[in-house]
Structure formats: C-alpha cells, structure tokens
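Asks: Sharing coords.txt (compact mmCIF, C-alpha atoms) below.
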# COMPACT_ATOMS: atom_id res chain seq x y z
CA MET A 1 0.00 0.00 0.00
CA ASN A 2 1.19 3.49 -0.86
CA ILE A 3 0.77 5.14 2.56
CA GLU A 4 1.10 8.73 1.36
CA LYS A 5 -1.47 8.22 -1.39
CA ALA A 6 -3.85 6.43 0.98
CA ARG A 7 -3.58 9.27 3.49
CA PHE A 8 -4.18 11.86 0.76
CA ASN A 9 -7.21 9.95 -0.53
CA MET A 10 -8.60 9.66 3.00
CA ILE A 11 -8.61 13.43 3.32
CA GLU A 12 -9.82 14.27 -0.18
CA GLN A 13 -12.41 11.51 -0.62
CA GLN A 14 -13.68 10.92 2.93
CA VAL A 15 -12.93 13.83 5.24
CA LYS A 16 -13.39 16.96 3.11
CA PRO A 17 -16.70 15.77 1.58
CA TRP A 18 -17.97 15.55 5.16
CA LYS A 19 -17.63 19.33 5.56
CA VAL A 20 -14.30 19.23 7.40
CA PHE A 21 -12.45 22.39 6.36
CA ASP A 22 -10.28 23.21 9.40
CA GLU A 23 -6.84 23.60 7.85
CA LYS A 24 -4.93 22.74 11.03
CA LEU A 25 -6.98 19.58 11.48
CA LEU A 26 -6.53 18.56 7.85
CA GLY A 27 -2.81 19.23 8.19
CA ALA A 28 -2.63 17.01 11.27
CA MET A 29 -4.46 14.21 9.46
CA ALA A 30 -2.10 14.60 6.51
CA THR A 31 1.02 14.13 8.64
CA ILE A 32 0.08 11.85 11.54
CA PRO A 33 0.66 8.19 10.59
CA ARG A 34 -2.73 6.62 11.33
CA GLU A 35 -1.34 3.22 10.32
CA LYS A 36 0.79 3.25 13.48
CA PHE A 37 -2.32 3.59 15.66
CA VAL A 38 -4.37 0.66 14.37
CA PRO A 39 -3.95 -3.00 15.35
CA GLU A 40 -1.37 -4.72 13.16
CA SER A 41 -3.95 -6.98 11.53
CA TYR A 42 -5.85 -3.89 10.27
CA ARG A 43 -2.93 -1.77 9.06
CA ASN A 44 -3.80 -2.28 5.41
CA LEU A 45 -7.19 -0.70 6.24
CA ALA A 46 -5.82 2.20 8.28
CA TYR A 47 -7.10 4.79 5.78
CA ALA A 48 -10.32 3.02 4.78
CA ASP A 49 -13.75 4.43 5.54
CA ILE A 50 -14.50 1.85 8.24
CA ALA A 51 -14.60 1.62 12.02
CA ILE A 52 -11.64 -0.47 13.16
CA PRO A 53 -12.00 -2.87 16.13
CA LEU A 54 -9.54 -2.27 18.96
CA GLY A 55 -10.53 -5.12 21.27
CA HIS A 56 -12.41 -4.91 24.58
CA ASN A 57 -15.57 -4.22 22.52
CA GLN A 58 -14.24 -0.79 21.53
CA GLN A 59 -13.44 0.66 18.12
CA MET A 60 -11.88 3.54 16.21
CA LEU A 61 -14.39 5.77 14.49
CA THR A 62 -14.05 6.29 10.77
CA PRO A 63 -11.67 9.14 9.88
CA ARG A 64 -14.49 11.36 8.65
CA GLU A 65 -16.59 10.89 11.81
CA LEU A 66 -13.67 11.61 14.11
CA ALA A 67 -12.67 14.65 12.07
CA ARG A 68 -16.17 16.14 12.25
CA MET A 69 -16.24 15.64 16.00
CA ILE A 70 -12.87 17.28 16.53
CA GLN A 71 -13.68 20.17 14.20
CA GLU A 72 -16.83 20.85 16.21
CA LEU A 73 -14.72 21.49 19.32
CA GLN A 74 -13.57 24.68 17.56
CA LEU A 75 -10.05 24.59 19.00
CA ASP A 76 -7.71 27.54 18.50
CA GLY A 77 -4.56 26.14 20.10
CA SER A 78 -4.94 27.60 23.59
CA GLU A 79 -7.20 24.97 25.13
CA LYS A 80 -6.90 22.23 27.69
CA VAL A 81 -8.86 19.28 26.29
CA LEU A 82 -10.23 16.23 28.09
CA GLU A 83 -10.56 13.11 25.99
CA VAL A 84 -12.69 10.40 27.59
CA GLY A 85 -11.26 7.16 26.20
CA CYS A 86 -7.82 7.21 24.61
CA GLY A 87 -8.41 4.08 22.53
CA SER A 88 -5.48 3.67 20.16
CA GLY A 89 -4.17 7.18 20.81
CA TYR A 90 -4.93 8.48 17.30
CA SER A 91 -7.55 10.97 18.38
CA SER A 92 -5.21 12.11 21.17
CA ALA A 93 -2.53 12.77 18.57
CA LEU A 94 -4.88 14.83 16.41
CA LEU A 95 -6.06 16.84 19.41
CA SER A 96 -2.48 17.51 20.47
CA ARG A 97 -1.82 19.35 17.20
CA LEU A 98 -4.83 21.62 17.77
CA ALA A 99 -4.76 22.30 21.53
CA LYS A 100 -2.27 23.38 24.16
CA LYS A 101 -2.80 20.37 26.46
CA VAL A 102 -4.61 17.04 26.09
CA ILE A 103 -5.60 14.84 29.02
CA SER A 104 -6.79 11.43 27.86
CA VAL A 105 -8.37 9.08 30.40
CA ASP A 106 -9.23 5.43 29.78
CA ILE A 107 -10.39 2.60 32.00
CA ILE A 108 -8.71 -0.08 29.85
CA SER A 109 -5.13 -0.62 30.97
CA ASP A 110 -4.10 -2.18 27.63
CA PHE A 111 -5.18 0.95 25.78
CA VAL A 112 -3.40 3.24 28.23
CA SER A 113 -0.09 1.39 28.06
CA VAL A 114 -0.05 0.97 24.28
CA ALA A 115 -1.25 4.50 23.52
CA SER A 116 1.20 6.06 25.98
CA LYS A 117 4.14 4.20 24.47
CA ARG A 118 3.09 5.00 20.90
CA LEU A 119 2.55 8.71 21.58
CA LYS A 120 5.93 9.02 23.29
CA GLN A 121 7.67 7.26 20.41
CA LEU A 122 6.11 9.75 18.00
CA ALA A 123 7.10 12.73 20.21
CA PHE A 124 3.66 13.95 21.20
CA ASN A 125 4.71 15.79 24.33
CA ASN A 126 1.58 17.69 25.34
CA ILE A 127 -0.57 14.63 26.09
CA GLU A 128 -1.16 13.01 29.47
CA VAL A 129 -2.69 9.53 29.34
CA GLU A 130 -4.16 8.27 32.60
CA GLU A 131 -5.84 5.02 33.60
CA ALA A 132 -9.11 5.75 35.38
CA ASP A 133 -12.87 5.50 35.04
CA ALA A 134 -14.00 8.74 33.43
CA ALA A 135 -17.49 7.61 32.47
CA ASP A 136 -18.85 10.53 34.52
CA GLY A 137 -16.06 12.89 33.50
CA TRP A 138 -12.71 13.61 35.13
CA LEU A 139 -12.82 16.43 37.65
CA ALA A 140 -9.26 15.85 38.87
CA LYS A 141 -7.79 18.32 36.38
CA ALA A 142 -10.80 20.47 35.55
CA PRO A 143 -11.71 22.94 34.23
CA TYR A 144 -11.46 21.93 30.58
CA ASP A 145 -12.03 24.09 27.54
CA ALA A 146 -13.28 21.14 25.52
CA ILE A 147 -14.32 17.53 26.13
CA LEU A 148 -14.36 14.82 23.46
CA ILE A 149 -16.23 11.54 24.08
CA THR A 150 -16.00 8.97 21.29
CA ALA A 151 -17.79 6.01 22.91
CA ALA A 152 -21.54 6.19 23.40
CA ILE A 153 -23.11 7.49 26.60
CA PRO A 154 -26.83 7.95 27.37
CA GLN A 155 -26.52 11.67 28.12
CA ILE A 156 -24.20 14.40 29.31
CA THR A 157 -23.92 14.44 33.10
CA GLU A 158 -23.89 17.30 35.56
CA SER A 159 -20.30 16.44 36.49
CA MET A 160 -19.18 16.81 32.87
CA ILE A 161 -20.85 20.16 32.46
CA ARG A 162 -19.47 21.54 35.71
CA SER A 163 -15.96 20.55 34.65
CA LEU A 164 -16.09 22.96 31.69
CA SER A 165 -14.54 26.41 31.59
CA ALA A 166 -16.84 29.38 30.95
CA HIS A 167 -16.80 28.96 27.18
CA GLY A 168 -16.21 25.23 27.11
CA ARG A 169 -17.74 22.80 24.68
CA ILE A 170 -18.52 19.07 24.72
CA VAL A 171 -18.77 16.88 21.64
CA ALA A 172 -20.01 13.38 22.40
CA ILE A 173 -21.80 10.32 21.04
CA ILE A 174 -25.20 10.16 22.71
CA GLY A 175 -27.87 7.46 22.70
CA SER A 176 -28.76 3.93 23.70
CA ALA A 177 -30.04 0.64 22.30
CA GLY A 178 -28.07 1.02 19.09
CA LYS A 179 -29.42 4.47 18.17
CA TYR A 180 -26.64 7.02 18.46
CA SER A 181 -25.80 10.48 17.21
CA VAL A 182 -22.93 12.91 17.60
CA ASN A 183 -24.03 15.97 19.55
CA SER A 184 -22.37 19.28 20.33
CA TYR A 185 -23.05 21.04 23.66
CA TYR A 186 -22.12 24.55 24.74
CA PHE A 187 -23.30 27.63 26.61
CA ASP A 188 -24.51 30.40 24.31
CA GLU A 189 -23.99 34.14 24.78
CA SER A 190 -26.95 34.24 27.20
CA ASN A 191 -25.40 31.41 29.22
CA ASP A 192 -28.13 29.02 28.12
CA TRP A 193 -27.10 25.40 27.60
CA GLN A 194 -27.43 24.44 23.95
CA CYS A 195 -27.39 21.08 22.18
CA GLN A 196 -26.96 20.54 18.45
CA GLU A 197 -27.36 17.11 16.89
CA LEU A 198 -24.75 16.76 14.14
CA PHE A 199 -25.10 13.34 12.53
CA PRO A 200 -26.10 9.73 13.26
CA VAL A 201 -23.29 7.30 13.96
CA GLU A 202 -22.73 3.62 14.65
CA ALA A 203 -21.00 3.29 18.00
CA VAL A 204 -20.37 1.07 20.98
CA PRO A 205 -21.34 1.94 24.56
CA MET A 206 -18.71 3.26 26.91
CA ILE A 207 -17.46 0.68 29.41
CA ASN A 208 -18.87 1.13 32.92
CA ILE A 209 -21.42 3.69 31.84
CA GLU A 210 -24.55 4.01 33.96
CA GLN A 211 -27.78 5.84 33.40
CA PRO A 212 -26.89 9.18 35.02
CA ASN A 213 -29.18 11.78 36.52
CA GLN A 214 -30.07 14.41 33.98
CA PHE A 215 -28.56 17.85 34.46
CA LYS A 216 -31.17 20.41 35.52
CA PHE A 217 -31.05 24.18 35.63
Could you spell out this file's structure in structure tokens?
Replies:
Amino acid sequence: MNIEKARFNMIEQQVKPWKVFDEKLLGAMATIPREKFVPESYRNLAYADIAIPLGHNQQMLTPRELARMIQELQLDGSEKVLEVGCGSGYSSALLSRLAKKVISVDIISDFVSVASKRLKQLAFNNIEVEEADAADGWLAKAPYDAILITAAIPQITESMIRSLSAHGRIVAIIGSAGKYSVNSYYFDESNDWQCQELFPVEAVPMINIEQPNQFKF
C-alpha cells in the first residue's frame, strides 16, 4: 500500500466531503501516521472508511466521523482538552496538534499502556494519558475548555458540564439501544445550555457507563 497516497485519498475523498475544512486539522491528518495507531492486523485498512476494532468491545471511528467531532470542538490552540477514552491514541494525537494540552483518560489498561508508548515514540509531548474510570467525567484536572467523548453514553452528566470552563464545549456520542448520534453542547452568549445534533453514527457503549441523573437548571 502506498501510505502517502492512501492518506491523501482519506482526506480528499472521505474527510473533506464531510464538511471538514479546518486547515490545522486537515494538516494534522495529513502528517500523523494513522497506520501506526491501528492493530497490526488492520494496518492495510488504516485509511479506509471503516470503524476499526480495537478489542475490549471498543473501536476507532471512521476518519471522517472523528474529524467532524474534533472540528466541532472549535479549537484555536490555547485549550486544555479532556478526551474520555484514549483508545489507540490516534484521536489524542490529532487533538495535540490543535490544543495546548490534552488529558486522555481510559479505564482499559491495555489501551493506556499501548497508547502512551506510541505517543511518546512519536514525540507527542503535550498529552497526558491516565488510567481511570472517566465515564462521569474527570474532575481531577478540571476545568477543561473542551471535552471529546467517542464512545456512546446515554446523556451528558452534571459532572461533565461543571468541569467545563466558561466557554467550554462538549462533543459526544449520545444514545442507547443502538441508536446514536454525535451531539455538540455549549453555553450560548446568554449562558443558556445548547445542544446541536450533528449526525447519526454507529458506536459502541462506553465501558462502565450508567444511566446518570439528567442535568437540571
């Protein structure tokens, strides 16, 4: 496989047609070697338009889905970002090129150890990967300017919202029983909590997730 051509085709044929126009994000996708973040048995499919299994009933989103989610965070390079679920580390790597600091938390020790090693080898120095249960967020290092959640949860929790900075934003996969969509959440100029449904997605539930109490104002 011609890696450079496959990476170029991924961007031109999958990502850009999905309304991803952020030049910094596209540049990160053009230079970060996604093939190094997928299981060895799937490396010939690293740039295909498919979700790639990672084990432990988790998966990598397709490149276009992940790109749309990250673009919706509207990062300008100054942010501290919380990623709930490091997975392979690929999304952490993309975020690191767009934000000042990335904190990625995962409950699966295999993911944490492999992703940490891979990110260090590739010299991503502004990422902290921690092993913990962040199904209800991760207040330990709050506040965050953005939160990315790429495994499905039933709804955003009060703890997640309270961990945001004043102009923070959450992009997450929301739903249950096999019906999921990517949603964007933020406070508007009147400080009202807003939710925008972006697109439907096939996803797997987050490990250890419970039905949380709904946030009320």
Asks: Counting all atoms listed in the file, find residues at most 12 Å from (-18.3, -0.4, 5.7) (file frame) and give them as a PyMOL selection string.
Replies: chain A and resi 45+48-52+61-62+202
Asks: To one decimal in Å, tell me the separation between atom CA of Glu158 of chain A and atom CA of Leu75 of chain A.
Replies: 22.8 Å
Asks: When you count only C-alpha atoms, which of these residues is closest to Ser163 of chain A: A:His56, A:Lys80, A:Arg118, A:Lys100?
Replies: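 Between A:His56, A:Lys80, A:Arg118, A:Lys100, the residue approaching Ser163 of chain A most closely is A:Lys80.
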Asks: Applying 8 Å and all atoms listed in the file, which residues near Val171 of chain A remain after dropping the ones on its own chain fewer than 5 positions away? List them as number ranges by chain.
Replies: A: 69-70, 72-73, 146-149, 182-185
Asks: Counting all atoms listed in the file, which residue out of A:Gln71, A:Gln194, A:Ser116, A:Thr31 sits closest to Phe8 of chain A?
Replies: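 Going through A:Gln71, A:Gln194, A:Ser116, A:Thr31 one by one, the smallest distance to Phe8 of chain A is for A:Thr31.
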Asks: Grab the atom CA of Ser176 of chain A to atom CA of Pro205 of chain A distance for me, in Å with one decimal place.
Replies: 7.7 Å
Asks: Using Å and a single decimal, report how far atom CA of Leu66 of chain A sits from atom CA of Gln155 of chain A.
Replies: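 Between atom CA of Gln155 of chain A and atom CA of Leu66 of chain A the gap is 19.0 Å.
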Asks: For Ile209 of chain A, which residue out of A:Gly168, A:Pro53, A:Gly175, A:Pro39 is the nearest one, using only C-alpha atoms?
Replies: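 Once distances to Ile209 of chain A are computed over only C-alpha atoms, the minimum belongs to A:Gly175.
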Asks: Give the answer as one residue: which of A:Asp192, A:Glu131, A:Glu12, A:Glu83 has the shortest atom-to-atom distance to Asp106 of chain A, using all atoms listed in the file?
Replies: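 Result for the nearest residue to Asp106 of chain A: A:Glu131.
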Asks: Ranking A:Ala152, A:Val84, A:Met10, A:Ile103 by minimum distance to Gly137 of chain A and counting all atoms listed in the file, which one comes first?
Replies: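 Looking at the shortest contact to Gly137 of chain A, the residue is A:Val84.
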Asks: Would you list the contacts of Ala134 of chain A as an MDAnalysis selection string, taking every protein, DNA or RNA residue within 12 Å and counting only C-alpha atoms, but skipping same-chain residues closer than 5 positions in sequence?
Replies: chainID A and resid 82:86 103:108 139:141 147:149 151 153 157 159:160 206:210
Asks: Can you write just those residues out, C-alpha atoms, as a PDB file, keeping the file's coordinate frame?
Replies:
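Everything below was put into part-v7.pdb:
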ATOM      1  CA  LEU A  82     -10.230  16.230  28.090  1.00  0.00           C
ATOM      2  CA  GLU A  83     -10.560  13.110  25.990  1.00  0.00           C
ATOM      3  CA  VAL A  84     -12.690  10.400  27.590  1.00  0.00           C
ATOM      4  CA  GLY A  85     -11.260   7.160  26.200  1.00  0.00           C
ATOM      5  CA  CYS A  86      -7.820   7.210  24.610  1.00  0.00           C
ATOM      6  CA  ILE A 103      -5.600  14.840  29.020  1.00  0.00           C
ATOM      7  CA  SER A 104      -6.790  11.430  27.860  1.00  0.00           C
ATOM      8  CA  VAL A 105      -8.370   9.080  30.400  1.00  0.00           C
ATOM      9  CA  ASP A 106      -9.230   5.430  29.780  1.00  0.00           C
ATOM     10  CA  ILE A 107     -10.390   2.600  32.000  1.00  0.00           C
ATOM     11  CA  ILE A 108      -8.710  -0.080  29.850  1.00  0.00           C
ATOM     12  CA  LEU A 139     -12.820  16.430  37.650  1.00  0.00           C
ATOM     13  CA  ALA A 140      -9.260  15.850  38.870  1.00  0.00           C
ATOM     14  CA  LYS A 141      -7.790  18.320  36.380  1.00  0.00           C
ATOM     15  CA  ILE A 147     -14.320  17.530  26.130  1.00  0.00           C
ATOM     16  CA  LEU A 148     -14.360  14.820  23.460  1.00  0.00           C
ATOM     17  CA  ILE A 149     -16.230  11.540  24.080  1.00  0.00           C
ATOM     18  CA  ALA A 151     -17.790   6.010  22.910  1.00  0.00           C
ATOM     19  CA  ILE A 153     -23.110   7.490  26.600  1.00  0.00           C
ATOM     20  CA  THR A 157     -23.920  14.440  33.100  1.00  0.00           C
ATOM     21  CA  SER A 159     -20.300  16.440  36.490  1.00  0.00           C
ATOM     22  CA  MET A 160     -19.180  16.810  32.870  1.00  0.00           C
ATOM     23  CA  MET A 206     -18.710   3.260  26.910  1.00  0.00           C
ATOM     24  CA  ILE A 207     -17.460   0.680  29.410  1.00  0.00           C
ATOM     25  CA  ASN A 208     -18.870   1.130  32.920  1.00  0.00           C
ATOM     26  CA  ILE A 209     -21.420   3.690  31.840  1.00  0.00           C
ATOM     27  CA  GLU A 210     -24.550   4.010  33.960  1.00  0.00           C
TER      28      GLU A 210
END
Asks: Determine the nearest neighbour of Ser88 of chain A from the options A:Ala67, A:Ala123, A:Ala142, A:Ala115, counting only C-alpha atoms.
Replies: A:Ala115
Asks: Could I get segment 138-165 of chain A from the block written out with N, CA and C atoms, as a PDB file, in the first residue's frame?
Replies:
ATOM      1  N   TRP A 138     -13.987  13.708  34.413  1.00  0.00           N
ATOM      2  CA  TRP A 138     -12.715  13.612  35.133  1.00  0.00           C
ATOM      3  C   TRP A 138     -12.430  14.974  35.751  1.00  0.00           C
ATOM      4  N   LEU A 139     -12.922  15.143  36.982  1.00  0.00           N
ATOM      5  CA  LEU A 139     -12.824  16.432  37.646  1.00  0.00           C
ATOM      6  C   LEU A 139     -11.427  16.717  38.181  1.00  0.00           C
ATOM      7  N   ALA A 140     -10.573  15.700  38.231  1.00  0.00           N
ATOM      8  CA  ALA A 140      -9.263  15.849  38.869  1.00  0.00           C
ATOM      9  C   ALA A 140      -8.460  17.009  38.301  1.00  0.00           C
ATOM     10  N   LYS A 141      -8.589  17.261  37.000  1.00  0.00           N
ATOM     11  CA  LYS A 141      -7.789  18.322  36.381  1.00  0.00           C
ATOM     12  C   LYS A 141      -8.653  19.356  35.668  1.00  0.00           C
ATOM     13  N   ALA A 142      -9.895  19.451  36.092  1.00  0.00           N
ATOM     14  CA  ALA A 142     -10.800  20.466  35.549  1.00  0.00           C
ATOM     15  C   ALA A 142     -10.348  21.860  36.013  1.00  0.00           C
ATOM     16  N   PRO A 143     -10.752  22.926  35.333  1.00  0.00           N
ATOM     17  CA  PRO A 143     -11.710  22.939  34.226  1.00  0.00           C
ATOM     18  C   PRO A 143     -11.051  22.650  32.881  1.00  0.00           C
ATOM     19  N   TYR A 144     -11.898  22.212  31.931  1.00  0.00           N
ATOM     20  CA  TYR A 144     -11.459  21.926  30.576  1.00  0.00           C
ATOM     21  C   TYR A 144     -12.156  22.889  29.608  1.00  0.00           C
ATOM     22  N   ASP A 145     -11.453  23.236  28.573  1.00  0.00           N
ATOM     23  CA  ASP A 145     -12.034  24.092  27.541  1.00  0.00           C
ATOM     24  C   ASP A 145     -12.818  23.292  26.511  1.00  0.00           C
ATOM     25  N   ALA A 146     -12.568  22.002  26.444  1.00  0.00           N
ATOM     26  CA  ALA A 146     -13.281  21.138  25.516  1.00  0.00           C
ATOM     27  C   ALA A 146     -13.207  19.706  26.027  1.00  0.00           C
ATOM     28  N   ILE A 147     -14.266  18.951  25.760  1.00  0.00           N
ATOM     29  CA  ILE A 147     -14.317  17.528  26.128  1.00  0.00           C
ATOM     30  C   ILE A 147     -14.772  16.747  24.903  1.00  0.00           C
ATOM     31  N   LEU A 148     -14.028  15.698  24.576  1.00  0.00           N
ATOM     32  CA  LEU A 148     -14.365  14.816  23.457  1.00  0.00           C
ATOM     33  C   LEU A 148     -14.664  13.429  24.003  1.00  0.00           C
ATOM     34  N   ILE A 149     -15.819  12.872  23.620  1.00  0.00           N
ATOM     35  CA  ILE A 149     -16.234  11.545  24.082  1.00  0.00           C
ATOM     36  C   ILE A 149     -16.608  10.723  22.851  1.00  0.00           C
ATOM     37  N   THR A 150     -15.817   9.702  22.544  1.00  0.00           N
ATOM     38  CA  THR A 150     -16.000   8.967  21.289  1.00  0.00           C
ATOM     39  C   THR A 150     -16.595   7.575  21.455  1.00  0.00           C
ATOM     40  N   ALA A 151     -16.967   7.204  22.687  1.00  0.00           N
ATOM     41  CA  ALA A 151     -17.787   6.011  22.915  1.00  0.00           C
ATOM     42  C   ALA A 151     -19.147   6.494  23.403  1.00  0.00           C
ATOM     43  N   ALA A 152     -20.180   5.707  23.169  1.00  0.00           N
ATOM     44  CA  ALA A 152     -21.543   6.189  23.400  1.00  0.00           C
ATOM     45  C   ALA A 152     -21.905   6.236  24.881  1.00  0.00           C
ATOM     46  N   ILE A 153     -22.560   7.332  25.261  1.00  0.00           N
ATOM     47  CA  ILE A 153     -23.113   7.486  26.604  1.00  0.00           C
ATOM     48  C   ILE A 153     -24.579   7.885  26.466  1.00  0.00           C
ATOM     49  N   PRO A 154     -25.400   7.624  27.495  1.00  0.00           N
ATOM     50  CA  PRO A 154     -26.825   7.955  27.369  1.00  0.00           C
ATOM     51  C   PRO A 154     -27.090   9.454  27.318  1.00  0.00           C
ATOM     52  N   GLN A 155     -26.315  10.223  28.081  1.00  0.00           N
ATOM     53  CA  GLN A 155     -26.519  11.668  28.118  1.00  0.00           C
ATOM     54  C   GLN A 155     -25.335  12.323  28.816  1.00  0.00           C
ATOM     55  N   ILE A 156     -25.229  13.620  28.628  1.00  0.00           N
ATOM     56  CA  ILE A 156     -24.201  14.397  29.313  1.00  0.00           C
ATOM     57  C   ILE A 156     -24.587  14.530  30.785  1.00  0.00           C
ATOM     58  N   THR A 157     -23.626  14.381  31.675  1.00  0.00           N
ATOM     59  CA  THR A 157     -23.917  14.442  33.101  1.00  0.00           C
ATOM     60  C   THR A 157     -23.602  15.817  33.686  1.00  0.00           C
ATOM     61  N   GLU A 158     -24.145  16.055  34.846  1.00  0.00           N
ATOM     62  CA  GLU A 158     -23.889  17.302  35.560  1.00  0.00           C
ATOM     63  C   GLU A 158     -22.399  17.470  35.826  1.00  0.00           C
ATOM     64  N   SER A 159     -21.733  16.375  36.195  1.00  0.00           N
ATOM     65  CA  SER A 159     -20.302  16.445  36.486  1.00  0.00           C
ATOM     66  C   SER A 159     -19.507  16.901  35.270  1.00  0.00           C
ATOM     67  N   MET A 160     -19.870  16.396  34.095  1.00  0.00           N
ATOM     68  CA  MET A 160     -19.179  16.808  32.866  1.00  0.00           C
ATOM     69  C   MET A 160     -19.356  18.289  32.605  1.00  0.00           C
ATOM     70  N   ILE A 161     -20.563  18.764  32.742  1.00  0.00           N
ATOM     71  CA  ILE A 161     -20.846  20.162  32.458  1.00  0.00           C
ATOM     72  C   ILE A 161     -20.124  21.076  33.445  1.00  0.00           C
ATOM     73  N   ARG A 162     -20.110  20.707  34.700  1.00  0.00           N
ATOM     74  CA  ARG A 162     -19.471  21.542  35.711  1.00  0.00           C
ATOM     75  C   ARG A 162     -17.945  21.530  35.594  1.00  0.00           C
ATOM     76  N   SER A 163     -17.414  20.586  34.832  1.00  0.00           N
ATOM     77  CA  SER A 163     -15.960  20.549  34.651  1.00  0.00           C
ATOM     78  C   SER A 163     -15.488  21.447  33.512  1.00  0.00           C
ATOM     79  N   LEU A 164     -16.440  22.097  32.814  1.00  0.00           N
ATOM     80  CA  LEU A 164     -16.086  22.958  31.691  1.00  0.00           C
ATOM     81  C   LEU A 164     -15.684  24.354  32.164  1.00  0.00           C
ATOM     82  N   SER A 165     -14.823  24.999  31.398  1.00  0.00           N
ATOM     83  CA  SER A 165     -14.545  26.412  31.591  1.00  0.00           C
ATOM     84  C   SER A 165     -15.745  27.216  31.074  1.00  0.00           C
TER      85      SER A 165
END
